[in-house]
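Structure below is structure33.cif: mmCIF, C-alpha atoms.
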data_my_file
#
loop_
_atom_site.label_atom_id
_atom_site.label_comp_id
_atom_site.auth_asym_id
_atom_site.auth_seq_id
_atom_site.Cartn_x
_atom_site.Cartn_y
_atom_site.Cartn_z
CA MET A 1 -11.76 -6.10 -44.53
CA LYS A 2 -12.26 -9.81 -45.38
CA ILE A 3 -11.38 -12.03 -42.45
CA SER A 4 -11.41 -15.84 -42.27
CA ILE A 5 -11.16 -18.02 -39.20
CA GLN A 6 -9.83 -21.54 -38.63
CA ILE A 7 -11.01 -23.48 -35.56
CA ASN A 8 -9.18 -26.65 -34.50
CA GLU A 9 -10.99 -27.59 -31.29
CA GLY A 10 -14.48 -28.78 -30.41
CA PRO A 11 -17.05 -26.96 -28.25
CA TYR A 12 -17.14 -27.07 -24.42
CA GLN A 13 -13.79 -28.89 -24.05
CA HIS A 14 -11.63 -25.93 -25.08
CA GLN A 15 -12.06 -22.16 -25.15
CA ALA A 16 -11.01 -21.92 -28.81
CA SER A 17 -14.52 -21.96 -30.31
CA ASP A 18 -15.84 -19.46 -27.73
CA THR A 19 -12.98 -17.05 -28.38
CA ALA A 20 -13.37 -17.43 -32.14
CA TYR A 21 -17.13 -16.78 -31.88
CA GLN A 22 -16.63 -13.59 -29.81
CA PHE A 23 -13.96 -12.50 -32.29
CA ALA A 24 -16.21 -13.16 -35.31
CA LYS A 25 -19.14 -11.33 -33.68
CA ALA A 26 -16.95 -8.30 -32.88
CA ALA A 27 -15.53 -8.28 -36.42
CA ILE A 28 -19.02 -8.27 -37.97
CA GLU A 29 -20.16 -5.51 -35.58
CA ARG A 30 -17.06 -3.55 -36.60
CA GLY A 31 -18.21 -3.73 -40.24
CA HIS A 32 -15.79 -6.41 -41.44
CA GLU A 33 -16.79 -9.43 -43.52
CA ILE A 34 -16.24 -12.95 -42.22
CA PHE A 35 -15.45 -14.63 -45.52
CA ARG A 36 -15.34 -18.17 -44.13
CA VAL A 37 -14.99 -20.11 -40.88
CA PHE A 38 -13.17 -23.41 -41.43
CA PHE A 39 -13.64 -26.15 -38.84
CA TYR A 40 -10.72 -28.58 -38.78
CA HIS A 41 -9.60 -31.50 -36.56
CA ASP A 42 -11.86 -31.72 -33.45
CA GLY A 43 -13.33 -28.36 -34.52
CA VAL A 44 -15.77 -30.30 -36.71
CA ASN A 45 -17.76 -31.12 -33.54
CA ASN A 46 -18.95 -27.49 -33.55
CA ALA A 47 -21.22 -28.45 -36.47
CA SER A 48 -23.37 -31.15 -34.83
CA ARG A 49 -27.07 -30.24 -34.63
CA PHE A 50 -27.42 -33.02 -32.01
CA THR A 51 -25.63 -30.80 -29.48
CA ILE A 52 -27.92 -30.21 -26.47
CA PRO A 53 -26.26 -28.21 -23.66
CA PRO A 54 -28.12 -27.56 -20.36
CA GLN A 55 -30.68 -24.73 -20.58
CA ASP A 56 -28.55 -22.29 -18.58
CA ASP A 57 -25.47 -22.81 -20.78
CA ARG A 58 -24.68 -21.26 -24.14
CA ASN A 59 -25.42 -23.31 -27.26
CA ILE A 60 -22.19 -22.91 -29.19
CA VAL A 61 -23.50 -24.62 -32.35
CA ASN A 62 -26.58 -22.37 -32.52
CA GLN A 63 -24.47 -19.30 -31.72
CA TRP A 64 -22.37 -19.97 -34.82
CA ALA A 65 -25.49 -20.65 -36.88
CA GLU A 66 -27.09 -17.38 -35.75
CA LEU A 67 -24.16 -15.35 -37.08
CA GLY A 68 -25.55 -16.30 -40.52
CA ILE A 69 -22.19 -16.43 -42.29
CA LYS A 70 -23.07 -17.08 -45.96
CA ASN A 71 -21.70 -16.27 -49.41
CA ALA A 72 -23.39 -14.32 -52.22
CA ASN A 73 -25.15 -17.52 -53.39
CA GLY A 74 -26.66 -18.03 -49.94
CA GLU A 75 -24.52 -21.10 -49.19
CA PRO A 76 -23.17 -21.41 -45.64
CA GLU A 77 -19.58 -20.32 -45.15
CA LEU A 78 -19.24 -22.30 -41.94
CA VAL A 79 -17.22 -25.06 -43.60
CA VAL A 80 -16.35 -28.42 -42.04
CA CYS A 81 -13.36 -30.47 -43.24
CA VAL A 82 -14.75 -33.67 -44.80
CA ALA A 83 -11.98 -36.06 -43.71
CA ALA A 84 -11.97 -34.73 -40.14
CA ALA A 85 -15.79 -34.85 -40.04
CA LEU A 86 -16.26 -38.42 -41.31
CA ARG A 87 -13.71 -39.74 -38.81
CA ARG A 88 -15.66 -38.14 -35.95
CA GLY A 89 -19.17 -39.06 -37.12
CA ILE A 90 -20.21 -35.65 -38.46
CA LEU A 91 -22.25 -36.38 -41.61
CA ASP A 92 -24.43 -34.53 -44.08
CA GLU A 93 -27.17 -36.24 -46.06
CA SER A 94 -25.04 -37.25 -49.04
CA GLU A 95 -22.19 -38.64 -46.91
CA ALA A 96 -24.71 -40.58 -44.82
CA ILE A 97 -26.30 -42.15 -47.91
CA LYS A 98 -22.89 -42.86 -49.49
CA ASN A 99 -21.74 -44.66 -46.33
CA GLY A 100 -25.01 -46.49 -45.62
CA ILE A 101 -25.84 -44.60 -42.41
CA ASP A 102 -29.52 -43.97 -41.62
CA CYS A 103 -29.29 -40.34 -40.47
CA ASN A 104 -27.14 -37.22 -40.61
CA ASN A 105 -26.26 -34.69 -37.94
CA ILE A 106 -24.77 -31.59 -39.56
CA HIS A 107 -26.48 -28.33 -38.64
CA PRO A 108 -28.01 -26.72 -41.76
CA ALA A 109 -25.98 -23.53 -41.21
CA PHE A 110 -22.79 -25.54 -41.89
CA ARG A 111 -21.57 -27.45 -44.94
CA ILE A 112 -19.01 -30.20 -45.44
CA SER A 113 -16.20 -29.63 -47.92
CA GLY A 114 -12.50 -30.21 -48.50
CA LEU A 115 -9.24 -28.72 -47.29
CA GLY A 116 -9.03 -26.68 -50.50
CA GLN A 117 -11.63 -24.39 -48.92
CA LEU A 118 -9.15 -23.47 -46.18
CA ILE A 119 -6.45 -22.65 -48.73
CA GLU A 120 -8.94 -20.61 -50.77
CA ALA A 121 -10.01 -18.73 -47.62
CA GLY A 122 -6.34 -17.88 -46.99
CA ILE A 123 -5.97 -16.56 -50.53
CA GLN A 124 -9.28 -14.68 -50.79
CA SER A 125 -9.20 -13.07 -47.33
CA ASP A 126 -7.11 -10.17 -46.06
CA ARG A 127 -6.56 -12.00 -42.77
CA LEU A 128 -6.73 -15.60 -41.50
CA VAL A 129 -6.87 -16.09 -37.74
CA VAL A 130 -6.37 -19.53 -36.17
CA PHE A 131 -7.93 -20.66 -32.88
CA GLY A 132 -6.77 -23.91 -31.33
CA ASP A 133 -5.53 -25.59 -28.19
CA MET B 1 2.75 -9.08 -37.25
CA LEU B 2 0.37 -10.00 -34.47
CA HIS B 3 1.22 -13.03 -32.34
CA THR B 4 -1.46 -14.54 -30.12
CA VAL B 5 -0.43 -16.78 -27.22
CA ASN B 6 -3.15 -18.81 -25.49
CA LYS B 7 -1.23 -20.83 -22.90
CA SER B 8 0.31 -19.83 -19.56
CA SER B 9 4.11 -19.78 -19.42
CA PHE B 10 3.77 -22.32 -16.57
CA GLU B 11 2.03 -24.77 -18.90
CA ARG B 12 3.90 -24.51 -22.21
CA ASN B 13 6.91 -22.83 -23.76
CA SER B 14 4.89 -21.11 -26.48
CA LEU B 15 5.36 -17.58 -25.07
CA LYS B 16 9.13 -18.10 -24.78
CA SER B 17 9.30 -19.48 -28.34
CA CYS B 18 7.22 -16.54 -29.54
CA ILE B 19 9.41 -13.92 -27.85
CA ASN B 20 12.57 -15.58 -29.19
CA THR B 21 11.16 -15.53 -32.72
CA ILE B 22 9.41 -12.21 -33.30
CA ASP B 23 10.89 -9.12 -34.94
CA ASP B 24 11.02 -5.59 -33.51
CA THR B 25 7.74 -4.52 -35.09
CA SER B 26 5.63 -7.43 -33.85
CA VAL B 27 3.16 -7.26 -30.98
CA ILE B 28 1.86 -10.01 -28.69
CA LEU B 29 -1.76 -10.52 -27.62
CA LEU B 30 -2.24 -12.81 -24.62
CA ILE B 31 -5.60 -14.64 -24.73
CA GLU B 32 -7.30 -17.49 -22.83
CA ASP B 33 -4.83 -19.05 -20.32
CA GLY B 34 -2.11 -16.92 -21.95
CA VAL B 35 -3.25 -14.02 -19.74
CA ILE B 36 -1.58 -15.75 -16.77
CA SER B 37 1.68 -14.63 -18.40
CA ALA B 38 0.46 -11.03 -18.11
CA THR B 39 0.60 -11.26 -14.29
CA LYS B 40 3.52 -10.48 -11.99
CA ASN B 41 5.17 -13.86 -11.38
CA ILE B 42 8.57 -15.54 -11.53
CA ASN B 43 8.36 -15.64 -15.34
CA SER B 44 7.27 -12.05 -15.88
CA SER B 45 10.75 -10.73 -16.71
CA MET B 46 10.12 -12.43 -20.09
CA ILE B 47 7.52 -9.87 -21.12
CA ALA B 48 8.35 -6.84 -18.91
CA ASN B 49 10.63 -5.29 -21.50
CA LEU B 50 8.18 -5.80 -24.38
CA ALA B 51 5.36 -4.43 -22.21
CA ASN B 52 7.41 -1.29 -21.52
CA GLN B 53 7.70 -0.85 -25.27
CA GLY B 54 3.89 -1.00 -25.48
CA ARG B 55 3.94 -4.24 -27.45
CA VAL B 56 2.02 -6.58 -25.11
CA TYR B 57 -1.77 -6.74 -25.06
CA ALA B 58 -4.09 -8.96 -23.01
CA LEU B 59 -7.73 -9.83 -23.62
CA GLN B 60 -9.69 -8.13 -20.85
CA GLY B 61 -12.49 -10.72 -20.59
CA ASP B 62 -9.97 -13.53 -20.09
CA VAL B 63 -8.02 -11.48 -17.51
CA GLU B 64 -11.21 -10.81 -15.52
CA ALA B 65 -12.46 -14.41 -15.84
CA ARG B 66 -9.26 -15.57 -14.15
CA GLY B 67 -9.38 -12.92 -11.42
CA VAL B 68 -5.94 -11.47 -12.15
CA SER B 69 -6.84 -7.86 -13.03
CA SER B 70 -4.99 -6.46 -9.99
CA LYS B 71 -1.80 -8.46 -10.60
CA LEU B 72 -0.86 -7.32 -14.09
CA VAL B 73 2.68 -6.47 -15.17
CA ASP B 74 3.11 -2.70 -15.74
CA ASN B 75 2.19 -1.29 -19.16
CA ILE B 76 0.24 -4.31 -20.42
CA LYS B 77 -2.56 -2.94 -22.59
CA LEU B 78 -6.02 -4.43 -22.08
CA VAL B 79 -8.28 -4.91 -25.11
CA ASP B 80 -11.80 -6.28 -25.61
CA TYR B 81 -12.82 -8.44 -28.61
CA THR B 82 -13.25 -5.33 -30.75
CA GLY B 83 -9.70 -4.37 -29.80
CA PHE B 84 -8.60 -7.89 -30.81
CA VAL B 85 -10.22 -7.35 -34.25
CA ASP B 86 -8.49 -3.97 -34.58
CA LEU B 87 -5.10 -5.54 -33.75
CA VAL B 88 -5.65 -8.19 -36.45
CA VAL B 89 -6.54 -5.49 -38.98
CA GLU B 90 -3.69 -3.19 -37.97
CA HIS B 91 -0.81 -5.68 -37.79
CA GLY B 92 -1.21 -7.74 -40.97
CA THR B 93 -0.46 -11.44 -40.75
CA SER B 94 -1.44 -13.01 -37.45
CA VAL B 95 0.30 -16.04 -35.98
CA SER B 96 -1.36 -18.22 -33.33
CA TRP B 97 1.08 -19.86 -30.92
CA VAL B 98 -1.00 -22.81 -29.72
#

Would you write out, as structure tokens, the structure that this file holds?
Amino acid sequence: MKISIQINEGPYQHQASDTAYQFAKAAIERGHEIFRVFFYHDGVNNASRFTIPPQDDRNIVNQWAELGIKNANGEPELVVCVAAALRRGILDESEAIKNGIDCNNIHPAFRISGLGQLIEAGIQSDRLVVFGD
Amino acid sequence: MLHTVNKSSFERNSLKSCINTIDDTSVILLIEDGVISATKNINSSMIANLANQGRVYALQGDVEARGVSSKLVDNIKLVDYTGFVDLVVEHGTSVSWV
């Protein structure tokens, strides 16, 4: 079955991203397909490659990246809402250049796109599960 | 339908709103702080009836993390994350009461 996930909260502050990760991992192990994970509102903070937790703590950003959720073209299907991301300082290379900022911080396993990707995930998937605060 | 509730009934009214809204075929999965509502407390009459009908689940990891395994309301069904996935698959549309 095709399952998509929406995450509305950032890492470490709320349990939402941890629960969603465990859910996604279990779904993949069960033989289901995670079609897309859409990071919205503070959830965009899950995509920062500048995240450095203490050595004895889980790295939530890398955990998501290691699930390797991609489409048939090899593009990441960990999708970050562009408007929510820019507000919170989550940038990819093109947004950084466009806005005159000298670096970017999105993890390469994620990509920035629009809200249409959430709607499309809802249409294309058999299930959409939301994790928030 | 599957309804997930992630807040204790002492913190928010989401469980009450959920119970007042759902139809007879829906089931509830308590996750995160929502598992506090799976324990015997002054609010537990809210879910006792649904639990007796076998329609209340709680996420085992969250129950254990909060140390409330021995205080659960009768007939609450414990599931792991795989069980969570199976509930999503089995019950169609899922609604998150956040």

**OP:** Return as a PyMOL selection string the residues belonging to chain A that are within 6 Å of chain B, counting all atoms listed in the file.
**Re:** chain A and resi 23+26-27+130+133

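With all atoms listed in the file as the basis for measurement, A:Ala16 is the residue among A:Glu33, A:Ala16, A:Ala109, A:Lys98 that approaches Val5 (chain B) most closely.
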
**OP:** Would you mind listing what lies within 12 Å of region 26-28 of chain B as a ChimeraX atom specification, with all atoms listed in the file counted and same-chain residues fewer than 5 positions away left out?
**Re:** /B:1-6,14-16,18-21,34-35,37-38,47,50-59,76-79,84,87-88,90-97

Subject >> Distance in Å - CA of Asp92 (chain A) versus CA of Phe38 (chain A) >> reply: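 That distance, rounded to one decimal, is 16.0 Å.
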
Subject >> Shortest interatomic distance to Ala20 (chain A) - which of A:Leu118, A:Val37, A:Ile106, A:Met1, counting only C-alpha atoms >> reply: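 Between A:Leu118, A:Val37, A:Ile106, A:Met1, the residue approaching Ala20 (chain A) most closely is A:Val37.
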